[in-house]
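Colleague: Please find model20.cif (mmCIF, C-alpha atoms) on the next line:
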data_my_file
#
loop_
_atom_site.label_atom_id
_atom_site.label_comp_id
_atom_site.auth_asym_id
_atom_site.auth_seq_id
_atom_site.Cartn_x
_atom_site.Cartn_y
_atom_site.Cartn_z
CA MET A 5 35.56 -12.21 2.79
CA ARG A 6 35.12 -8.64 3.97
CA LEU A 7 31.73 -7.06 3.40
CA ILE A 8 33.28 -3.86 2.02
CA ASN A 9 34.87 -5.89 -0.77
CA LEU A 10 31.41 -7.08 -1.79
CA THR A 11 29.60 -3.75 -1.48
CA SER A 12 32.26 -1.98 -3.52
CA GLY A 13 31.73 -4.31 -6.47
CA LEU A 14 29.86 -3.19 -9.58
CA PRO A 15 27.18 -5.93 -9.29
CA PHE A 16 26.17 -4.76 -5.81
CA LYS A 17 26.24 -1.10 -6.86
CA ALA A 18 23.97 -1.94 -9.78
CA ALA A 19 21.68 -3.89 -7.45
CA TRP A 20 21.64 -0.98 -5.00
CA ARG A 21 20.58 1.44 -7.73
CA ALA A 22 17.94 -1.00 -8.96
CA ALA A 23 16.63 -1.48 -5.41
CA LEU A 24 16.46 2.28 -4.87
CA LEU A 25 14.59 2.79 -8.14
CA PHE A 26 12.21 -0.07 -7.31
CA LEU A 27 11.64 1.38 -3.83
CA LEU A 28 10.78 4.85 -5.14
CA LEU A 29 8.52 3.59 -7.93
CA SER A 30 6.78 1.07 -5.65
CA ILE A 31 6.09 3.65 -2.96
CA ALA A 32 4.65 6.05 -5.53
CA ALA A 33 2.53 3.33 -7.15
CA GLY A 34 1.47 2.00 -3.74
CA ALA A 35 0.34 5.46 -2.63
CA VAL A 36 -1.76 5.84 -5.79
CA LEU A 37 -3.22 2.34 -5.35
CA ILE A 38 -4.09 2.87 -1.69
CA ASP A 39 -5.70 6.22 -2.48
CA ALA A 40 -7.72 4.64 -5.30
CA VAL A 41 -8.89 1.79 -3.06
CA GLU A 42 -9.85 4.23 -0.30
CA ASN A 43 -11.81 6.43 -2.71
CA THR A 44 -13.59 3.37 -4.13
CA LEU A 45 -14.63 2.16 -0.69
CA ILE A 46 -15.77 5.66 0.27
CA ASP A 47 -17.82 5.92 -2.93
CA GLU A 48 -19.47 2.56 -2.20
CA LEU A 49 -20.20 3.62 1.36
CA GLN A 50 -21.63 6.89 0.13
CA ALA A 51 -23.84 5.07 -2.38
CA GLN A 52 -25.13 2.82 0.40
CA VAL A 53 -25.95 5.83 2.56
CA ASP A 54 -27.74 7.52 -0.34
CA VAL A 55 -29.81 4.40 -0.98
CA GLU A 56 -30.83 4.14 2.69
CA THR A 57 -31.71 7.85 2.74
CA ALA A 58 -33.88 7.43 -0.33
CA LEU A 59 -35.57 4.42 1.29
CA PHE A 60 -36.33 6.36 4.48
CA SER A 61 -37.65 9.26 2.38
CA GLU A 62 -39.97 6.89 0.57
CA ILE A 63 -41.23 5.53 3.89
CA TYR A 64 -41.87 9.10 5.05
CA ARG A 65 -43.89 9.89 1.92
CA GLU A 66 -45.98 6.74 2.20
CA ARG A 67 -46.43 6.36 5.98
CA GLY A 68 -45.64 9.79 7.37
CA ARG A 69 -43.49 10.67 10.36
CA SER A 70 -44.82 7.85 12.54
CA GLY A 71 -43.87 5.23 9.95
CA LEU A 72 -40.42 6.74 9.57
CA LEU A 73 -39.90 6.74 13.33
CA GLU A 74 -40.82 3.04 13.45
CA ALA A 75 -38.32 2.25 10.70
CA LEU A 76 -35.57 4.26 12.40
CA GLN A 77 -36.28 2.55 15.71
CA PHE A 78 -35.93 -0.85 14.02
CA ILE A 79 -32.57 0.22 12.58
CA ALA A 80 -31.41 1.48 15.97
CA ASP A 81 -32.17 -1.91 17.55
CA THR A 82 -29.98 -3.86 15.09
CA PRO A 83 -26.51 -5.13 16.17
CA GLU A 84 -24.84 -2.93 13.55
CA ALA A 85 -26.20 0.21 15.15
CA PRO A 86 -22.81 1.42 16.54
CA LYS A 87 -21.44 1.54 12.98
CA ASN A 88 -24.53 3.29 11.67
CA LEU A 89 -26.04 6.62 12.49
CA SER A 90 -29.64 7.48 11.79
CA GLY A 91 -31.87 10.07 13.34
CA LEU A 92 -34.73 12.46 12.83
CA LEU A 93 -34.83 16.00 14.20
CA ALA A 94 -37.74 18.40 14.45
CA ALA A 95 -37.68 21.89 12.98
CA ASN A 96 -36.52 23.37 16.32
CA GLY A 97 -33.58 20.93 16.46
CA LEU A 98 -35.17 18.61 19.01
CA SER A 99 -34.13 14.99 18.47
CA LEU A 100 -37.15 12.81 17.73
CA ILE A 101 -35.11 9.58 17.52
CA GLY A 102 -31.50 8.60 17.24
CA PRO A 103 -28.25 9.88 18.74
CA VAL A 104 -28.18 13.14 16.74
CA SER A 105 -28.94 15.98 19.12
CA ARG A 106 -27.85 18.94 17.01
CA LEU A 107 -28.91 20.05 13.56
CA PRO A 108 -26.12 19.50 11.02
CA GLU A 109 -24.61 22.57 9.41
CA PHE A 110 -25.06 21.20 5.90
CA VAL A 111 -27.56 19.47 3.66
CA GLY A 112 -26.45 16.72 1.29
CA THR A 113 -23.75 14.07 1.49
CA LYS A 114 -20.49 14.72 3.30
CA ARG A 115 -17.71 12.94 5.18
CA HIS A 116 -17.86 14.54 8.60
CA GLU A 117 -16.94 14.17 12.27
CA VAL A 118 -20.07 13.44 14.33
CA THR A 119 -18.93 14.01 17.93
CA TYR A 120 -20.38 17.51 18.15
CA MET A 121 -23.65 16.38 16.53
CA THR A 122 -24.26 13.57 19.03
CA ALA A 123 -23.06 15.32 22.20
CA GLY A 124 -20.26 12.77 22.52
CA LYS A 125 -22.53 9.70 22.26
CA MET A 126 -20.81 8.70 19.04
CA SER A 127 -17.40 9.68 17.70
CA GLY A 128 -15.39 9.31 14.55
CA VAL A 129 -15.83 10.25 10.93
CA TYR A 130 -19.02 9.16 9.18
CA ILE A 131 -20.35 9.41 5.66
CA LEU A 132 -23.48 11.46 6.30
CA ASN A 133 -26.51 12.23 4.19
CA VAL A 134 -28.63 15.06 5.55
CA ARG A 135 -32.05 15.60 3.93
CA LYS A 136 -34.96 17.86 4.70
CA LEU A 137 -38.34 16.14 5.00
CA ASP A 138 -40.81 19.02 5.21
CA GLU A 139 -40.00 20.60 8.60
CA SER A 140 -37.98 17.63 9.84
CA THR A 141 -34.34 16.77 9.15
CA LEU A 142 -33.28 13.20 8.39
CA VAL A 143 -29.68 12.21 9.11
CA VAL A 144 -28.30 8.88 7.84
CA GLY A 145 -24.66 7.86 8.09
CA HIS A 146 -22.14 5.02 8.15
CA SER A 147 -18.80 4.96 9.93
CA ASP A 148 -15.66 4.92 7.78
CA ARG A 149 -13.78 2.75 10.32
CA ASN A 150 -13.81 -0.25 8.00
CA VAL A 151 -12.37 1.92 5.23
CA LEU A 152 -9.57 3.10 7.50
CA LEU A 153 -8.92 -0.46 8.66
CA ALA A 154 -8.71 -1.70 5.07
CA LYS A 155 -6.38 1.19 4.21
CA LYS A 156 -4.14 0.38 7.18
CA ARG A 157 -3.93 -3.32 6.32
CA LEU A 158 -3.23 -2.59 2.66
CA THR A 159 -0.50 -0.11 3.62
CA ILE A 160 1.19 -2.63 5.93
CA TRP A 161 0.99 -5.35 3.27
CA MET A 162 2.39 -3.06 0.58
CA LEU A 163 5.29 -1.87 2.76
CA SER A 164 6.11 -5.44 3.76
CA PHE A 165 6.08 -6.58 0.14
CA ILE A 166 8.24 -3.66 -0.99
CA GLY A 167 10.66 -4.23 1.87
CA TRP A 168 11.10 -7.93 1.13
CA ILE A 169 11.61 -7.37 -2.60
CA THR A 170 14.17 -4.63 -1.88
CA LEU A 171 16.09 -6.94 0.45
CA MET A 172 16.01 -9.71 -2.15
CA ILE A 173 17.45 -7.38 -4.80
CA LEU A 174 20.27 -6.36 -2.46
CA ALA A 175 20.92 -10.00 -1.53
CA ILE A 176 21.17 -10.92 -5.21
CA GLY A 177 23.58 -8.01 -5.66
CA LEU A 178 25.76 -9.31 -2.82
CA TRP A 179 25.72 -12.82 -4.29
CA ALA A 180 26.67 -11.54 -7.75
CA SER A 181 29.39 -9.33 -6.28
CA ARG A 182 30.78 -12.31 -4.35
CA ALA A 183 30.83 -14.46 -7.50
CA SER A 184 32.57 -11.69 -9.45
CA LEU A 185 35.15 -11.20 -6.73
CA HIS A 186 35.87 -14.93 -6.72
CA ARG A 187 36.44 -14.89 -10.51
CA LEU A 188 38.76 -11.90 -10.18
CA ASP A 189 40.71 -13.61 -7.40
CA THR A 190 41.25 -16.72 -9.55
CA MET A 191 42.36 -14.56 -12.48
CA GLU A 192 44.74 -12.65 -10.22
CA ALA A 193 46.21 -15.90 -8.88
CA ALA A 194 46.87 -17.17 -12.41
CA LEU A 195 48.53 -13.92 -13.45
CA ARG A 196 50.64 -14.01 -10.31
CA GLN A 197 51.91 -17.44 -11.34
CA VAL A 198 52.87 -16.03 -14.71
CA GLY A 199 54.63 -13.15 -13.00
CA ASP A 200 56.58 -15.64 -10.89
CA GLY A 201 57.89 -17.32 -14.04
CA ASP A 202 55.33 -20.09 -14.65
CA LEU A 203 54.48 -19.37 -18.28
CA SER A 204 52.27 -22.45 -18.46
CA ALA A 205 49.73 -20.93 -16.04
CA ARG A 206 46.42 -19.94 -17.63
CA LEU A 207 43.33 -18.08 -16.49
CA PRO A 208 40.42 -20.42 -15.72
CA LEU A 209 37.59 -20.62 -18.22
CA TYR A 210 33.98 -21.48 -17.38
CA LYS A 211 31.00 -22.40 -19.52
CA ASP A 212 29.17 -19.17 -18.79
CA ASN A 213 30.74 -17.40 -21.78
CA ASP A 214 30.37 -14.12 -19.95
CA GLN A 215 32.65 -11.07 -19.96
CA PHE A 216 35.10 -12.76 -17.59
CA ASP A 217 35.42 -15.78 -19.91
CA ARG A 218 35.94 -13.60 -22.96
CA VAL A 219 38.63 -11.56 -21.22
CA SER A 220 40.27 -14.71 -19.86
CA HIS A 221 40.28 -16.25 -23.33
CA ARG A 222 42.03 -13.24 -24.86
CA VAL A 223 44.56 -13.11 -22.01
CA ASN A 224 45.24 -16.82 -22.44
CA GLN A 225 45.88 -16.29 -26.15
CA ASN A 226 48.44 -13.61 -25.29
CA LEU A 227 50.01 -15.94 -22.71
CA ASP A 228 50.24 -18.66 -25.38
CA HIS A 229 52.00 -16.21 -27.69
CA LEU A 230 54.32 -15.12 -24.88
CA GLU A 231 55.16 -18.71 -23.98
#
Kindly present the structure from the file in structure tokens form.
Modeller:
Amino acid sequence: MRLINLTSGLPFKAAWRAALLFLLLSIAAGAVLIDAVENTLIDELQAQVDVETALFSEIYRERGRSGLLEALQFIADTPEAPKNLSGLLAANGLSLIGPVSRLPEFVGTKRHEVTYMTAGKMSGVYILNVRKLDESTLVVGHSDRNVLLAKKRLTIWMLSFIGWITLMILAIGLWASRASLHRLDTMEAALRQVGDGDLSARLPLYKDNDQFDRVSHRVNQNLDHLE
């Protein structure tokens, strides 16, 4: 059975249109979902950074600069240090502790590239919170690599799911088109018998009671009348 005979059938054309509509709607919905997940993870990361900044500020108020330096040194010695960024700079921009060697150009919370701030010691985009503590500047940040990794994995999963569902819809369309073509072939064979003079030939009827059966039933009634 030639493939073009299947793809030209109405069932496959309907399946193709349905697959195209599903593909467009799924891509649009997936993009919105991925963006929402990314924003949620960024908001959580930002909240974590804000909490840590508030904690360091409280340490500074209670124990002064020396106590804050001790706390920052403890953070720098943890295994998660490469994913975190914390530092304290003097009023003249001199780094007192941490990889930050240049005063940030902003105060507050921002998603920012840190390569220029650390003289190349650290790279990538971080969620940063910059706060003034008297004459000093406190910088606390977390890398967004986990957010990007989660976004990448979710995108791959979504595209794979959409692709498989689209292929399944097209496969169902091919199967339905094949079944329809088989019914038409059997109807054509019966009518050919009638054309060759066999008035007892009838179109086959199935238990599906679909459009083919209804048409076959009416044709058979006309053949009975003709016979």
Colleague: Nearest to His146 of chain A: which of A:Arg106, A:Arg222, A:Lys87, A:His186 is it, counting all atoms listed in the file?
Modeller: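 Selected residue with least distance to His146 of chain A: A:Lys87.
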Colleague: Do you know which residues the PyMOL selection byres ((chain A and resi 127) around 12) returns on this file, as an MDAnalysis selection string?
Modeller: chainID A and resid 86:89 103:104 116:126 128:130 146:149
Colleague: Separation of atom CA of Glu74 of chain A and atom CA of Leu107 of chain A, in Å?
Modeller: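 Separation between atom CA of Glu74 of chain A and atom CA of Leu107 of chain A: 20.8 Å.
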Colleague: For segment 51-57 of chain A, please output as a ChimeraX atom specification all residues within 12 Å (counting all atoms listed in the file; exclusion window: fewer than 2 positions along the same chain).
Modeller: /A:44-49,59-64,72,75-76,79,88-92,112-115,130-137,141-148
Colleague: State, in Å with one decimal place, the distance from atom CA of Leu207 of chain A to atom CA of Asn224 of chain A.
Modeller: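 A separation of 6.4 Å between them.
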Colleague: Counting only C-alpha atoms, which residue out of A:Ala194, A:Thr170, A:His229, A:Phe110 sits closest to Ile31 of chain A?
Modeller: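 Looking at the shortest contact to Ile31 of chain A, the residue is A:Thr170.
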Colleague: Given the file shown, enumerate the residues that the PyMOL selection byres ((chain A and resi 166) around 10) captures and present them as a VMD selection string.
Modeller: chain A and resid 23 26 to 28 30 to 31 34 160 to 165 167 to 172
Colleague: Let's have the selection written as a JSON list (two decimals), in the frame of the given file, with C-alpha atoms.
Modeller:
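Below is the file that was written, out39.json:
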[["chain", "number", "residue", "atom", "x", "y", "z"],
["A", 23, "ALA", "CA", 16.63, -1.48, -5.41],
["A", 26, "PHE", "CA", 12.21, -0.07, -7.31],
["A", 27, "LEU", "CA", 11.64, 1.38, -3.83],
["A", 28, "LEU", "CA", 10.78, 4.85, -5.14],
["A", 30, "SER", "CA", 6.78, 1.07, -5.65],
["A", 31, "ILE", "CA", 6.09, 3.65, -2.96],
["A", 34, "GLY", "CA", 1.47, 2.00, -3.74],
["A", 160, "ILE", "CA", 1.19, -2.63, 5.93],
["A", 161, "TRP", "CA", 0.99, -5.35, 3.27],
["A", 162, "MET", "CA", 2.39, -3.06, 0.58],
["A", 163, "LEU", "CA", 5.29, -1.87, 2.76],
["A", 164, "SER", "CA", 6.11, -5.44, 3.76],
["A", 165, "PHE", "CA", 6.08, -6.58, 0.14],
["A", 167, "GLY", "CA", 10.66, -4.23, 1.87],
["A", 168, "TRP", "CA", 11.10, -7.93, 1.13],
["A", 169, "ILE", "CA", 11.61, -7.37, -2.60],
["A", 170, "THR", "CA", 14.17, -4.63, -1.88],
["A", 171, "LEU", "CA", 16.09, -6.94, 0.45],
["A", 172, "MET", "CA", 16.01, -9.71, -2.15]]
Colleague: Nearest to Val223 of chain A among A:Val41, A:Asp189, A:Val198, A:Ser140, with distances taken over only C-alpha atoms: which residue is it?
Modeller: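 Among A:Val41, A:Asp189, A:Val198, A:Ser140, it is A:Val198 that comes nearest to Val223 of chain A.
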Colleague: Go through the shown structure with the PyMOL selection byres ((chain A and resi 190) around 12) and write out the matching residues as a PyMOL selection string.
Modeller: chain A and resi 183-189+191-197+205-210+216-217+220
Colleague: So what do you get for atom CA of Ala154 of chain A versus atom CA of Asn43 of chain A, distance-wise?
Modeller: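 Separation of atom CA of Ala154 of chain A and atom CA of Asn43 of chain A: 11.7 Å.
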Colleague: So, counting only C-alpha atoms, which residue among A:Pro108, A:Gly201, A:Gly102, A:Gly177 is closest to Phe16 of chain A?
Modeller: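 Looking at the shortest contact to Phe16 of chain A, the residue is A:Gly177.
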